[in-house]
Every structure is written in structure tokens, then in C-alpha cells.
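Report on one structure; see the data block that follows.
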Amino acid sequence: MDAHALREMVRKRYAEAARGSAAGLAGGCCAPEPKGDDLLVVSGCCCGSGAGGEELGKVLGYSDDELAAAPAGANLGLGCGNPQAIANLKPGETVLDLGSGAGFDCFLAARQVGESGRVIGVDMTPEMLARARENARKGGFANVEFRLGEIEHLPVADESVDVIISNCVINLSPEKEQVFREAFRVLRPGGRIAVADMVSLAPLPPEVREDLALYAGCVAGVATVGELRAMLTEAGFVDIVIRPKDSEQLLEAWGAGESLKNQVFSATIEARKPTA
């Protein structure tokens, strides 16, 4: 599939996830099936737990306080980590969330930047945007806004953002180099990215890369650590740190298969835009 077709396929799958959430389905996931311990095998979504994503949230590193802080329905369990843990957000900062979904990470960021700060969520799925805006209204988050757009073409002004966060979204882009160029454009000098995403330690076999369900499920579209480092460097970033972590429990929750456990990992990705 070309880049446009892949993007439309992902948009459709996550629209289904948003509608599932609105209908009260567990975690808002596509075609969930019980897999024991309240985790779910998911066909075509980056998610893996019931009860609105609470169980997976704990696997991903969110605290009980964080899981309880956002409005009900904001946590769809669609991530692969906790970008809040590495973002080191400060009061007054402007934060941009790439692929903000129903707004969970945006609402957590809003608590940290306070009333003097601002949080912008960008998502390409209108159904997700509607869910996020409703969640913001219910939660009274006046310092959070959500914009429709693609992360390869951000609806954000040049040098207007202090921190970019993202949770398991960049791997879904068929044009990752463009995502990082856009991130560099919108960051202020000295700004930083703090991302949780999936990576691989070596190129995936063709049968995995061509599996569309695994692509929408945040597996088949992953880049290697070396490729990500090269993309970030080419975009202009410095102080790049990529830390893969033990992801066996996460992959089990996704039903990704035994063969990927030593190849695909959740990772934290940090980098900085130079001050000059």
C-alpha cells in the first residue's frame, strides 16, 4: 500500500476504536477477545486491556493517580508507554501531543503545566477528536485544545511549542522522516521531544512488514533504533537518547506473537532542538 492508503487504513481502524469507546466497549479497541487477567487480544489497534485501559495503563507505567486523573473515557488503552515519565513538564510550558486520541496524555500534561501553560493535541481521526473535545468539556480543561491534522503536516505555528509528547503513534506514520522535520519546525529553540513508541532492534521480516493488522497494531511499521536515530539527526535534533525496555507483557497483551518478543520493543525516545 502507498502512504495515503496506509494512512487511511489506520484512520479507519482508530475511528472504530473511538466509536467503540462511545458505545462503551472495553478500552475502545477493535475486535477485542479475552486473553486472561483482563488483557485482550486486539485485531488492528494499539491497545490491550479492558476497564477503559486501566490494566494496560499500569503495564505501561502510569501511576494510579495518573489513571484516575483524566476524565472517564479518555484512556482508551492505545499506548505503549508513558511519555509523562520522561517529559519533565514545567508550569507555563506549551505541550504538543502527536496523535492525541481521546486526550488522555493531554489531560495529564495539563495538570503539570498548570493554568499558565497550554496543551495542544493533534489527531487525524475526526471521531477521536470529538471524543477528546467532549472529554475536555467534561473535565473542565480550559488549557487544552484539540486540532484535526496529520502529524506529517502539523497545524501548529513555527517555534511555538516547548515540548512534544507522543504515545505509540509515530510508528504508524509511513513518512516518519517528515514527522520529525515537522516536530523540529514547531519546537522553540531548546525545545524537546519525549516520546513513547515501538522500535525494533533489526529490520522485520517481509511477512511482518506487510501484515496490515500488525501495521495498525503498532508492530509492522516500526523503525529500527538506528533508523530512528538517523531520522532525528537528519531533522536537526541533538542529545538523542533511545531506550528500549522489556516489552514481553505488552506484546502478550497485544497478541503480537512469540516470534516478535526479541525483535520489537517499547522504547522511550528523547531529543532536543539546539538553542542556536
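Following the order of the C-alpha cells, first chain is A, next is B, and so on, with residues numbered from 1 inside each chain and ligands from 1 in the order they appear.
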Hey, what does DSSP flag as strand (DSSP E) within stretch 109-276 of chain A? Can you give it to me as a PyMOL selection string? chain A and resi 118-123+144-148+161-167+187-200+223-224+238-244+264-272
Considering only C-alpha atoms, return as JSON, numbers by chain whatever protein or nucleic-acid residues lie within 10 Å of A:Gly114, sequence-local ones (same chain, fewer than 5 positions apart) excluded. {"A": [89, 90, 91, 92, 93, 109, 119, 143]}
Could you save those same residues with C-alpha atoms as a JSON list (two decimals), in the first residue's frame?
[["chain", "number", "residue", "atom", "x", "y", "z"],
["A", 89, "LEU", "CA", 6.97, 19.16, 32.14],
["A", 90, "LYS", "CA", 7.08, 22.50, 33.91],
["A", 91, "PRO", "CA", 4.40, 25.10, 34.74],
["A", 92, "GLY", "CA", 3.82, 27.54, 31.89],
["A", 93, "GLU", "CA", 5.13, 25.31, 29.11],
["A", 109, "ALA", "CA", 0.15, 17.12, 30.75],
["A", 119, "VAL", "CA", -1.59, 21.73, 25.73],
["A", 143, "ASN", "CA", -5.90, 24.96, 28.89]]
Tell me, as a list in words, which residues lie within 10 Å of A:Ile151, counting only C-alpha atoms; anything in the same chain fewer than 5 positions away does not count.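 The residues satisfying every condition are Asp97, Leu98, Gly99, Val122, Asp123, Met124, Val169, Ile170, Ser173, Glu175, Lys176, Gln178, Val179, Phe180, Glu182 and Ala183 of chain A.
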Enumerate, as a PDB file with N, CA, C and O atoms, in the first residue's frame, the complete set of residues in stretch 155-187 of chain A that a backbone-based DSSP assignment places in helix (DSSP H, G or I).
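Dumped to out-v8.pdb:
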ATOM      1  N   ILE A 170       3.957   7.559  16.235  1.00  0.00           N
ATOM      2  CA  ILE A 170       4.883   7.835  15.136  1.00  0.00           C
ATOM      3  C   ILE A 170       5.159   6.569  14.331  1.00  0.00           C
ATOM      4  O   ILE A 170       5.337   6.625  13.105  1.00  0.00           O
ATOM      5  N   ASN A 171       5.161   5.405  14.985  1.00  0.00           N
ATOM      6  CA  ASN A 171       5.380   4.162  14.243  1.00  0.00           C
ATOM      7  C   ASN A 171       4.298   3.915  13.199  1.00  0.00           C
ATOM      8  O   ASN A 171       4.513   3.181  12.239  1.00  0.00           O
ATOM      9  N   LEU A 172       3.123   4.519  13.379  1.00  0.00           N
ATOM     10  CA  LEU A 172       2.026   4.342  12.428  1.00  0.00           C
ATOM     11  C   LEU A 172       2.193   5.186  11.169  1.00  0.00           C
ATOM     12  O   LEU A 172       1.492   4.962  10.181  1.00  0.00           O
ATOM     13  N   LYS A 176       7.900   8.849   8.473  1.00  0.00           N
ATOM     14  CA  LYS A 176       8.443   9.215   9.779  1.00  0.00           C
ATOM     15  C   LYS A 176       9.450  10.356   9.684  1.00  0.00           C
ATOM     16  O   LYS A 176       9.540  11.197  10.588  1.00  0.00           O
ATOM     17  N   GLU A 177      10.238  10.388   8.610  1.00  0.00           N
ATOM     18  CA  GLU A 177      11.200  11.493   8.459  1.00  0.00           C
ATOM     19  C   GLU A 177      10.486  12.833   8.447  1.00  0.00           C
ATOM     20  O   GLU A 177      10.949  13.805   9.051  1.00  0.00           O
ATOM     21  N   GLN A 178       9.338  12.902   7.769  1.00  0.00           N
ATOM     22  CA  GLN A 178       8.560  14.133   7.715  1.00  0.00           C
ATOM     23  C   GLN A 178       7.986  14.490   9.085  1.00  0.00           C
ATOM     24  O   GLN A 178       7.899  15.660   9.447  1.00  0.00           O
ATOM     25  N   VAL A 179       7.608  13.493   9.859  1.00  0.00           N
ATOM     26  CA  VAL A 179       7.108  13.745  11.214  1.00  0.00           C
ATOM     27  C   VAL A 179       8.177  14.453  12.035  1.00  0.00           C
ATOM     28  O   VAL A 179       7.904  15.457  12.717  1.00  0.00           O
ATOM     29  N   PHE A 180       9.408  13.972  11.968  1.00  0.00           N
ATOM     30  CA  PHE A 180      10.473  14.584  12.757  1.00  0.00           C
ATOM     31  C   PHE A 180      10.863  15.962  12.224  1.00  0.00           C
ATOM     32  O   PHE A 180      11.234  16.847  13.003  1.00  0.00           O
ATOM     33  N   ARG A 181      10.774  16.158  10.918  1.00  0.00           N
ATOM     34  CA  ARG A 181      11.020  17.505  10.378  1.00  0.00           C
ATOM     35  C   ARG A 181       9.974  18.494  10.883  1.00  0.00           C
ATOM     36  O   ARG A 181      10.289  19.641  11.230  1.00  0.00           O
ATOM     37  N   GLU A 182       8.725  18.054  10.913  1.00  0.00           N
ATOM     38  CA  GLU A 182       7.657  18.909  11.427  1.00  0.00           C
ATOM     39  C   GLU A 182       7.826  19.175  12.922  1.00  0.00           C
ATOM     40  O   GLU A 182       7.595  20.296  13.400  1.00  0.00           O
ATOM     41  N   ALA A 183       8.217  18.151  13.659  1.00  0.00           N
ATOM     42  CA  ALA A 183       8.458  18.340  15.088  1.00  0.00           C
ATOM     43  C   ALA A 183       9.545  19.388  15.320  1.00  0.00           C
ATOM     44  O   ALA A 183       9.411  20.269  16.181  1.00  0.00           O
ATOM     45  N   PHE A 184      10.610  19.306  14.542  1.00  0.00           N
ATOM     46  CA  PHE A 184      11.702  20.271  14.661  1.00  0.00           C
ATOM     47  C   PHE A 184      11.204  21.678  14.322  1.00  0.00           C
ATOM     48  O   PHE A 184      11.567  22.653  15.000  1.00  0.00           O
ATOM     49  N   ARG A 185      10.366  21.790  13.310  1.00  0.00           N
ATOM     50  CA  ARG A 185       9.853  23.101  12.882  1.00  0.00           C
ATOM     51  C   ARG A 185       9.056  23.792  13.981  1.00  0.00           C
ATOM     52  O   ARG A 185       9.230  24.995  14.228  1.00  0.00           O
ATOM     53  N   VAL A 186       8.179  23.062  14.658  1.00  0.00           N
ATOM     54  CA  VAL A 186       7.262  23.702  15.600  1.00  0.00           C
ATOM     55  C   VAL A 186       7.880  23.915  16.983  1.00  0.00           C
ATOM     56  O   VAL A 186       7.353  24.707  17.777  1.00  0.00           O
TER      57      VAL A 186
END
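Atom CA of A:Ala223 lies 22.2 Å from atom CA of A:Leu96.
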